[in-house]
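Colleague: Sharing structure34.cif (mmCIF, C-alpha atoms) below.
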data_entry
#
loop_
_atom_site.label_atom_id
_atom_site.label_comp_id
_atom_site.auth_asym_id
_atom_site.auth_seq_id
_atom_site.Cartn_x
_atom_site.Cartn_y
_atom_site.Cartn_z
CA MET A 1 9.61 -12.90 -3.12
CA VAL A 2 7.74 -13.25 0.18
CA THR A 3 6.73 -16.80 0.99
CA SER A 4 3.36 -17.57 2.46
CA VAL A 5 1.58 -20.80 3.31
CA THR A 6 -1.88 -19.75 4.49
CA ASN A 7 -3.10 -17.79 1.48
CA LEU A 8 -5.70 -19.45 -0.76
CA GLY A 9 -4.04 -19.63 -4.17
CA ARG A 10 -0.49 -20.48 -5.09
CA SER A 11 0.48 -16.87 -5.73
CA GLY A 12 -0.59 -13.28 -5.28
CA LEU A 13 -1.81 -13.30 -8.86
CA SER A 14 -4.06 -16.33 -8.36
CA ASP A 15 -5.51 -14.85 -5.15
CA TRP A 16 -6.19 -11.64 -7.03
CA MET A 17 -7.82 -13.53 -9.89
CA ILE A 18 -9.97 -15.67 -7.55
CA GLN A 19 -11.06 -12.51 -5.71
CA ARG A 20 -12.22 -10.90 -8.97
CA ILE A 21 -13.97 -13.99 -10.39
CA THR A 22 -15.78 -14.80 -7.14
CA GLY A 23 -16.75 -11.11 -6.92
CA VAL A 24 -18.43 -11.32 -10.34
CA ILE A 25 -20.22 -14.57 -9.41
CA LEU A 26 -21.48 -12.97 -6.17
CA LEU A 27 -22.67 -9.89 -8.03
CA ALA A 28 -24.55 -12.04 -10.53
CA TYR A 29 -26.10 -14.11 -7.73
CA THR A 30 -27.09 -11.00 -5.77
CA LEU A 31 -28.81 -9.56 -8.84
CA PHE A 32 -30.53 -12.91 -9.46
CA ILE A 33 -31.83 -13.19 -5.90
CA ALA A 34 -32.84 -9.51 -5.87
CA ALA A 35 -34.77 -10.01 -9.10
CA VAL A 36 -36.51 -13.09 -7.70
CA LEU A 37 -37.32 -11.30 -4.42
CA PHE A 38 -38.58 -8.02 -5.81
CA ILE A 39 -39.95 -8.91 -9.24
CA VAL A 40 -41.28 -12.45 -8.78
CA ALA A 41 -41.89 -12.13 -4.99
CA PRO A 42 -42.45 -15.87 -4.66
CA GLU A 43 -44.49 -17.78 -2.08
CA PHE A 44 -43.07 -20.86 -0.34
CA ALA A 45 -44.19 -23.27 -3.07
CA GLU A 46 -42.58 -21.14 -5.78
CA TRP A 47 -39.33 -20.87 -3.80
CA LYS A 48 -39.32 -24.66 -3.47
CA ALA A 49 -39.95 -25.12 -7.17
CA LEU A 50 -37.23 -22.60 -8.04
CA PHE A 51 -34.63 -24.31 -5.85
CA GLY A 52 -35.79 -27.70 -7.11
CA GLN A 53 -34.15 -26.92 -10.44
CA THR A 54 -30.59 -28.17 -10.88
CA TRP A 55 -29.24 -24.95 -12.42
CA VAL A 56 -30.42 -22.90 -9.42
CA LYS A 57 -28.74 -25.38 -7.07
CA VAL A 58 -25.51 -25.24 -9.06
CA PHE A 59 -25.64 -21.44 -9.25
CA SER A 60 -26.30 -21.26 -5.50
CA LEU A 61 -23.44 -23.66 -4.80
CA ALA A 62 -21.14 -21.49 -6.94
CA ALA A 63 -22.22 -18.51 -4.85
CA VAL A 64 -21.61 -20.37 -1.57
CA LEU A 65 -18.14 -21.46 -2.71
CA SER A 66 -17.47 -17.93 -3.93
CA VAL A 67 -18.37 -16.49 -0.53
CA ALA A 68 -15.97 -18.93 1.11
CA ALA A 69 -13.07 -18.16 -1.26
CA HIS A 70 -13.73 -14.41 -1.35
CA ALA A 71 -14.06 -14.21 2.43
CA TRP A 72 -10.95 -16.30 2.99
CA ILE A 73 -8.80 -14.05 0.81
CA GLY A 74 -10.29 -10.93 2.41
CA LEU A 75 -9.97 -12.14 6.00
CA TRP A 76 -6.49 -13.48 5.31
CA CYS A 77 -5.51 -10.02 4.11
CA VAL A 78 -7.01 -8.41 7.22
CA SER A 79 -5.29 -10.87 9.54
CA THR A 80 -1.89 -10.45 7.87
CA ASP A 81 -2.29 -6.67 8.01
CA TYR A 82 -3.30 -6.22 11.64
CA LEU A 83 -2.33 -9.41 13.46
CA VAL A 84 1.41 -9.05 12.96
CA THR A 85 4.15 -8.52 15.52
CA HIS A 86 4.92 -4.84 15.07
CA VAL A 87 1.27 -3.71 14.84
CA LEU A 88 0.24 -5.64 17.96
CA THR A 89 3.35 -4.45 19.81
CA ILE A 90 2.40 -0.82 19.14
CA LYS A 91 -1.32 -1.26 19.85
CA LEU A 92 -1.34 -3.77 22.71
CA GLY A 93 2.21 -4.03 23.99
CA PRO A 94 5.17 -6.37 23.57
CA ALA A 95 3.44 -9.33 25.22
CA ALA A 96 0.70 -9.32 22.57
CA GLY A 97 3.29 -8.67 19.84
CA ALA A 98 5.21 -11.78 20.81
CA GLN A 99 2.04 -13.84 20.39
CA ALA A 100 1.14 -12.31 17.01
CA ASN A 101 1.65 -15.50 14.99
CA LEU A 102 -0.42 -17.56 17.41
CA LEU A 103 -3.21 -14.96 17.46
CA ARG A 104 -3.22 -14.75 13.67
CA TRP A 105 -3.34 -18.52 13.22
CA CYS A 106 -6.19 -18.76 15.75
CA PHE A 107 -8.09 -16.07 13.86
CA GLN A 108 -7.44 -17.81 10.55
CA ALA A 109 -8.41 -21.21 11.97
CA ALA A 110 -11.67 -19.75 13.33
CA GLY A 111 -12.36 -18.20 9.92
CA ALA A 112 -11.60 -21.48 8.15
CA ILE A 113 -13.94 -23.44 10.46
CA VAL A 114 -16.78 -20.94 9.96
CA LEU A 115 -16.36 -20.91 6.17
CA PHE A 116 -16.03 -24.70 5.92
CA THR A 117 -19.16 -25.12 8.03
CA TYR A 118 -20.92 -22.63 5.81
CA VAL A 119 -20.01 -24.59 2.66
CA VAL A 120 -21.08 -27.94 4.11
CA TRP A 121 -24.27 -26.44 5.49
CA GLY A 122 -24.99 -24.77 2.14
CA ILE A 123 -24.59 -28.06 0.25
CA GLN A 124 -26.81 -29.80 2.79
CA ILE A 125 -29.56 -27.17 2.39
CA LEU A 126 -29.38 -27.13 -1.40
CA TRP A 127 -29.48 -30.91 -1.84
CA SER A 128 -31.80 -31.86 1.00
CA MET B 1 2.71 35.12 13.75
CA LEU B 2 2.36 31.54 12.58
CA ASN B 3 1.43 28.89 15.13
CA VAL B 4 3.58 25.83 14.56
CA SER B 5 3.13 22.54 16.35
CA ILE B 6 6.17 20.36 15.81
CA TYR B 7 6.87 16.74 16.76
CA ARG B 8 9.84 16.58 19.09
CA TYR B 9 11.69 13.51 20.25
CA ASN B 10 15.25 13.15 21.43
CA PRO B 11 15.80 9.53 22.52
CA GLU B 12 18.68 10.60 24.75
CA THR B 13 16.60 12.97 26.90
CA ASP B 14 12.89 12.30 26.21
CA SER B 15 11.07 9.23 27.47
CA GLU B 16 8.47 9.70 24.74
CA PRO B 17 7.72 12.04 21.83
CA TYR B 18 5.68 15.22 22.37
CA MET B 19 4.28 18.09 20.31
CA GLN B 20 5.94 21.45 20.89
CA ASP B 21 4.07 24.67 20.16
CA VAL B 22 6.17 27.45 18.68
CA GLU B 23 5.25 30.87 17.33
CA VAL B 24 7.16 31.83 14.21
CA ASP B 25 7.34 35.30 12.70
CA THR B 26 7.04 34.81 8.95
CA GLY B 27 7.01 38.54 8.29
CA GLY B 28 3.71 38.12 6.50
CA LYS B 29 5.40 36.30 3.62
CA ASP B 30 4.17 33.13 1.93
CA LEU B 31 7.21 31.07 2.90
CA MET B 32 7.91 27.46 2.09
CA VAL B 33 7.51 25.11 5.06
CA LEU B 34 11.28 24.50 4.98
CA ASP B 35 11.88 28.25 5.45
CA VAL B 36 9.70 28.11 8.57
CA LEU B 37 11.79 25.21 9.85
CA GLU B 38 14.98 27.18 9.17
CA LEU B 39 13.58 30.08 11.22
CA MET B 40 12.70 27.64 14.00
CA LYS B 41 16.17 26.11 13.91
CA ALA B 42 17.75 29.56 14.13
CA ALA B 43 15.76 30.12 17.34
CA ASP B 44 16.22 26.59 18.74
CA THR B 45 19.24 24.77 17.33
CA SER B 46 18.14 21.45 18.81
CA THR B 47 15.39 21.16 16.15
CA VAL B 48 16.36 18.30 13.85
CA TYR B 49 15.24 17.57 10.29
CA ARG B 50 16.82 16.47 7.01
CA ARG B 51 17.27 18.89 4.15
CA SER B 52 19.64 19.43 1.30
CA CYS B 53 18.79 20.95 -2.07
CA ARG B 54 15.79 23.06 -0.92
CA GLU B 55 14.18 22.78 -4.36
CA GLY B 56 12.37 19.44 -4.48
CA VAL B 57 15.14 17.48 -6.17
CA CYS B 58 16.98 15.61 -3.43
CA GLY B 59 13.93 14.29 -1.57
CA SER B 60 15.47 14.76 1.89
CA ASP B 61 12.81 16.81 3.61
CA GLY B 62 9.78 14.59 3.21
CA MET B 63 7.55 15.04 6.24
CA ASN B 64 3.94 15.08 7.32
CA ILE B 65 2.68 18.64 6.89
CA ASN B 66 -0.77 19.36 8.33
CA GLY B 67 -1.64 15.70 7.96
CA LYS B 68 -0.39 15.24 4.40
CA ASN B 69 3.02 13.96 3.38
CA GLY B 70 5.06 16.33 1.24
CA LEU B 71 8.41 17.99 0.71
CA ALA B 72 8.82 20.94 3.07
CA CYS B 73 10.96 22.85 0.55
CA ILE B 74 8.30 23.00 -2.16
CA THR B 75 5.18 23.24 -0.01
CA PRO B 76 4.12 26.91 0.34
CA LEU B 77 2.38 27.93 3.55
CA SER B 78 -0.57 29.27 1.57
CA GLU B 79 -1.17 25.81 0.13
CA THR B 80 -0.96 23.83 3.37
CA LEU B 81 -2.58 26.36 5.73
CA ASP B 82 -5.62 26.80 3.47
CA GLY B 83 -6.56 30.11 5.10
CA GLY B 84 -5.73 28.95 8.65
CA ASN B 85 -2.82 29.87 10.87
CA LYS B 86 -1.76 26.50 12.29
CA LEU B 87 1.09 24.42 10.89
CA VAL B 88 1.47 20.90 12.25
CA LEU B 89 4.74 19.15 11.41
CA ARG B 90 5.28 15.48 12.08
CA PRO B 91 7.79 12.93 10.77
CA LEU B 92 6.77 10.65 7.89
CA PRO B 93 4.32 8.11 9.38
CA GLY B 94 5.06 4.41 9.70
CA LEU B 95 8.85 4.52 9.96
CA PRO B 96 10.81 4.53 13.25
CA VAL B 97 11.70 8.04 14.42
CA VAL B 98 15.41 8.67 14.95
CA ARG B 99 14.96 12.19 16.31
CA ASP B 100 12.37 14.95 15.81
CA LEU B 101 11.43 14.89 12.10
CA VAL B 102 14.14 12.43 11.09
CA VAL B 103 12.99 8.85 10.42
CA ASP B 104 14.95 5.66 9.89
CA MET B 105 14.50 4.93 6.17
CA GLY B 106 16.06 1.45 6.44
CA LEU B 107 12.87 -0.48 5.68
CA PHE B 108 12.07 1.81 2.77
CA TYR B 109 15.49 1.25 1.20
CA LYS B 110 15.30 -2.48 1.86
CA GLN B 111 12.16 -2.63 -0.27
CA TYR B 112 13.83 -0.52 -2.94
CA GLU B 113 16.77 -2.92 -2.98
CA LYS B 114 14.41 -5.87 -3.49
CA VAL B 115 13.31 -4.67 -6.93
CA THR B 116 16.93 -4.72 -8.19
CA PRO B 117 16.79 -1.08 -9.29
CA PHE B 118 19.39 -1.30 -12.04
CA LEU B 119 19.43 -2.46 -15.64
CA MET B 120 19.94 -6.17 -16.13
CA ASN B 121 21.06 -7.18 -19.59
CA ASN B 122 22.66 -10.50 -20.43
CA THR B 123 23.34 -9.75 -24.10
CA PRO B 124 26.88 -8.73 -25.14
CA ALA B 125 27.52 -5.04 -24.57
CA PRO B 126 27.60 -2.98 -27.78
CA ALA B 127 30.65 -0.90 -28.70
CA ILE B 128 29.16 2.42 -27.62
CA GLU B 129 25.74 2.25 -26.00
CA ARG B 130 22.43 0.42 -25.98
CA LEU B 131 20.13 2.46 -28.16
CA GLN B 132 16.49 3.20 -27.47
CA SER B 133 13.92 4.59 -29.87
CA PRO B 134 12.15 7.78 -28.78
CA GLU B 135 8.98 5.68 -28.30
CA GLU B 136 10.78 3.22 -26.04
CA ARG B 137 12.28 6.10 -24.06
CA GLU B 138 8.85 7.68 -23.67
CA LYS B 139 7.68 4.65 -21.69
CA LEU B 140 10.00 5.70 -18.86
CA ASP B 141 8.37 9.10 -18.47
CA GLY B 142 6.45 9.34 -15.23
CA LEU B 143 8.68 6.62 -13.76
CA TYR B 144 12.28 7.80 -13.81
CA GLU B 145 11.46 11.12 -12.09
CA CYS B 146 10.99 9.47 -8.67
CA ILE B 147 13.39 10.97 -6.10
CA LEU B 148 12.79 8.35 -3.37
CA CYS B 149 11.53 10.89 -0.83
CA ALA B 150 9.27 8.16 0.70
CA CYS B 151 6.24 10.47 0.86
CA CYS B 152 4.14 7.89 -1.04
CA SER B 153 5.17 4.70 0.74
CA THR B 154 4.76 6.26 4.18
CA ALA B 155 1.26 7.48 3.23
CA CYS B 156 0.22 3.93 2.33
CA PRO B 157 -1.60 1.88 5.00
CA SER B 158 -0.51 -1.36 3.34
CA PHE B 159 3.09 -0.23 3.82
CA TRP B 160 2.37 0.76 7.45
CA TRP B 161 1.09 -2.74 8.23
CA ASN B 162 3.63 -4.68 6.15
CA PRO B 163 6.73 -2.55 5.65
CA ASP B 164 8.84 -5.71 5.61
CA ARG B 165 6.74 -7.57 3.00
CA PHE B 166 4.90 -5.07 0.81
CA ILE B 167 7.32 -3.28 -1.51
CA GLY B 168 5.30 -0.09 -1.37
CA PRO B 169 4.37 2.43 -4.07
CA SER B 170 7.83 3.92 -4.44
CA GLY B 171 9.61 0.58 -4.87
CA LEU B 172 6.92 -0.67 -7.24
CA LEU B 173 7.14 2.46 -9.37
CA GLN B 174 10.87 1.71 -9.64
CA ALA B 175 10.15 -1.95 -10.35
CA TYR B 176 7.98 -0.93 -13.30
CA ARG B 177 10.57 1.60 -14.41
CA PHE B 178 12.93 -1.34 -15.12
CA LEU B 179 10.19 -3.68 -16.38
CA ALA B 180 9.24 -1.02 -18.93
CA ASP B 181 12.82 -0.40 -20.04
CA SER B 182 13.52 -1.81 -23.52
CA ARG B 183 17.18 -2.33 -22.60
CA ASP B 184 16.38 -4.62 -19.66
CA THR B 185 16.30 -8.38 -20.22
CA GLY B 186 15.49 -9.41 -16.65
CA THR B 187 11.69 -9.20 -17.05
CA ASP B 188 10.98 -12.87 -16.24
CA LYS B 189 13.08 -12.84 -13.09
CA ARG B 190 11.67 -9.50 -11.99
CA LEU B 191 8.09 -10.71 -12.45
CA ALA B 192 8.78 -14.03 -10.70
CA ASP B 193 10.10 -12.14 -7.69
CA LEU B 194 6.92 -10.05 -7.47
CA ASP B 195 4.31 -12.79 -7.82
CA ASP B 196 3.54 -13.41 -4.16
CA PRO B 197 0.55 -12.21 -2.09
CA PHE B 198 2.50 -9.33 -0.50
CA SER B 199 5.06 -7.66 -2.76
CA VAL B 200 2.59 -6.20 -5.29
CA PHE B 201 -0.81 -7.53 -4.37
CA ARG B 202 -1.00 -5.88 -0.96
CA CYS B 203 -1.84 -2.73 -2.93
CA HIS B 204 -5.59 -2.20 -2.64
CA GLY B 205 -5.58 0.82 -4.92
CA ILE B 206 -6.51 3.51 -2.39
CA GLN B 207 -4.16 5.94 -4.16
CA ASN B 208 -2.79 7.85 -1.17
CA CYS B 209 0.50 7.59 -3.05
CA VAL B 210 -0.91 9.44 -6.04
CA SER B 211 -2.43 12.15 -3.88
CA VAL B 212 0.80 12.92 -1.98
CA CYS B 213 3.55 12.47 -4.61
CA PRO B 214 5.42 15.82 -4.74
CA LYS B 215 6.58 15.03 -8.26
CA GLY B 216 3.06 14.32 -9.51
CA LEU B 217 3.78 10.66 -10.33
CA ASN B 218 1.26 7.84 -10.33
CA PRO B 219 2.51 4.68 -8.56
CA THR B 220 -0.98 3.09 -8.62
CA LYS B 221 -0.93 3.16 -12.40
CA ALA B 222 2.54 1.58 -12.45
CA ILE B 223 1.30 -1.14 -10.07
CA GLY B 224 -1.60 -1.76 -12.47
CA HIS B 225 0.90 -2.21 -15.29
CA ILE B 226 2.93 -4.69 -13.22
CA ARG B 227 -0.26 -6.62 -12.46
CA ASN B 228 -1.11 -6.72 -16.15
CA MET B 229 2.39 -7.93 -17.00
CA LEU B 230 2.08 -10.69 -14.39
CA LEU B 231 -1.32 -11.62 -15.80
CA THR B 232 -0.06 -11.66 -19.39
CA SER B 233 3.01 -13.74 -18.56
CA ALA B 234 1.01 -16.27 -16.51
CA THR B 235 -0.52 -19.42 -17.93
#
So, in terms of structure tokens, how does the structure I just supplied come out?
Modeller:
Amino acid sequence: MVTSVTNLGRSGLSDWMIQRITGVILLAYTLFIAAVLFIVAPEFAEWKALFGQTWVKVFSLAAVLSVAAHAWIGLWCVSTDYLVTHVLTIKLGPAAGAQANLLRWCFQAAGAIVLFTYVVWGIQILWS
Amino acid sequence: MLNVSIYRYNPETDSEPYMQDVEVDTGGKDLMVLDVLELMKAADTSTVYRRSCREGVCGSDGMNINGKNGLACITPLSETLDGGNKLVLRPLPGLPVVRDLVVDMGLFYKQYEKVTPFLMNNTPAPAIERLQSPEEREKLDGLYECILCACCSTACPSFWWNPDRFIGPSGLLQAYRFLADSRDTGTDKRLADLDDPFSVFRCHGIQNCVSVCPKGLNPTKAIGHIRNMLLTSAT
């Protein structure tokens, strides 16, 4: 058992599950938006009317939250693959390797800030 | 003459590893890569590699042959050269090199140890043996044949990046070998030990392990089974 504090879910299994579920939500939302764009091809008034409906707002919010969760798990994986002591020591030298934890946390913090901002901004847009 | 480029590194004399070009006379025969190494060692006794059974059973001579991990003793030149005349031999990637083609397998064995690769059974031992039905025994096919040569784990990028956290295809194949064994009663403990974001779930299913396994085993499939067992046992 490897312990970890910065991953999204409580376990590897929950992260895996969240990744799959959010992936399906994002696929559904992409298909929905693509259908609206290419089949309905709405003007501004129609867009406004579409996003005035509660179910579209809720669906869009689900997509925004899914992006945040999906991206967090993905970026967390990337950061814990590449921003670790032995990889940085080989690629950039021992000085960078010694700072691997700090670099990784900075990267993760930056990712968290961007994703949090994205969620808040998304809610603001949808319910403004 | 076969052109061989071999990875050389002697920590006592070399400041860093280098590739040495050697011409080897194969006599026009389709030798195994290990035979080529034996010819090279006869000419230069300082060439170092591991070998033992020379028939793909012991798993000692795993190495990177023309970019693909495999056992030197059962890899024919015709297969790896693919019509060319250049043989490039490197140590298994991702593990520290001890000398030439010999790597330190410590991390690999540490991961193997983590999956408690032995039967755990807390029920009283029967008089003679614990019986298995032929169907139960069949579940171990494709799992028990692993010879721990490390070709799969050292071909796996997830293992390169996290050799201390990700168990790797070989260890996970072994983990499933005991999870699938009808005589083992340690399933809950085994699964609990694997349910973190690294041990199993660092596998992203790229299947390098499947493509290189000299015994034709499928660790990715075993990892899928472990994942399903974790999913089924979870609430």
Colleague: Could you tell me which residues the PyMOL selection byres ((chain A) within 12 of (chain B)) grabs in this file, written as a ChimeraX atom specification?
Modeller: /A:1-17,19,73-74,76-91
Colleague: For the structure provided, state which residues fall under the PyMOL selection byres ((chain A and resi 27-39) around 10), and present them as number ranges by chain.
Modeller: A: 21-26, 40-43, 47, 50, 56, 59-60, 62-64
Colleague: Can you spell out as a ChimeraX atom specification the set of residues that the PyMOL selection byres ((chain B and resi 138-153) around 8) selects in the structure I just provided?
Modeller: /B:57-63,69-71,92,108,134-137,154-156,159,168-170,173-174,176-177,180-181,208-210,212-215,217-218
Colleague: What does the distance from CA of Asn66 in chain B to CA of Gly93 in chain A come to in Å, to one decimal?
Modeller: 28.3 Å
Colleague: If you measure from CA of Glu12 in chain B to CA of Ala96 in chain A, what distance in Å do you get, rounded to one decimal?
Modeller: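 Answer for the CA of Glu12 in chain B to CA of Ala96 in chain A separation: 26.9 Å.
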Colleague: What is the distance, in Å and to one decimal place, between CA of Tyr112 in chain B and CA of Gln207 in chain B?
Modeller: 19.2 Å
Colleague: Of the candidates B:Cys73, B:Met229, B:Ala125, B:Val102, which one gets nearest to Tyr7 in chain B if we count all atoms listed in the file?
Modeller: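 Ranked by minimum distance to Tyr7 in chain B, first place goes to B:Val102.
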Colleague: Enclose range 58-66 of chain A, meaning all of its atoms listed in the file, in a box aligned along x, y and z, pad it by 3 Å on each side, and list the centre and edge lengths in Å to one decimal, as lines of an AutoDock Vina configuration file.
Modeller:
center_x = -21.9
center_y = -21.6
center_z = -5.4
size_x = 14.8
size_y = 13.3
size_z = 13.7
Colleague: Taking only C-alpha atoms into account, which of B:Asn10, B:Leu172, B:Ala42, B:Leu89 comes nearest His225 in chain B?
Modeller: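 Closest residue, counting only C-alpha atoms: B:Leu172.
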Colleague: Would you mind telling me which residue in B:Asp21, B:Asp100, B:Glu38, B:Glu79 lies nearest to Arg54 in chain B when using all atoms listed in the file?
Modeller: B:Glu38
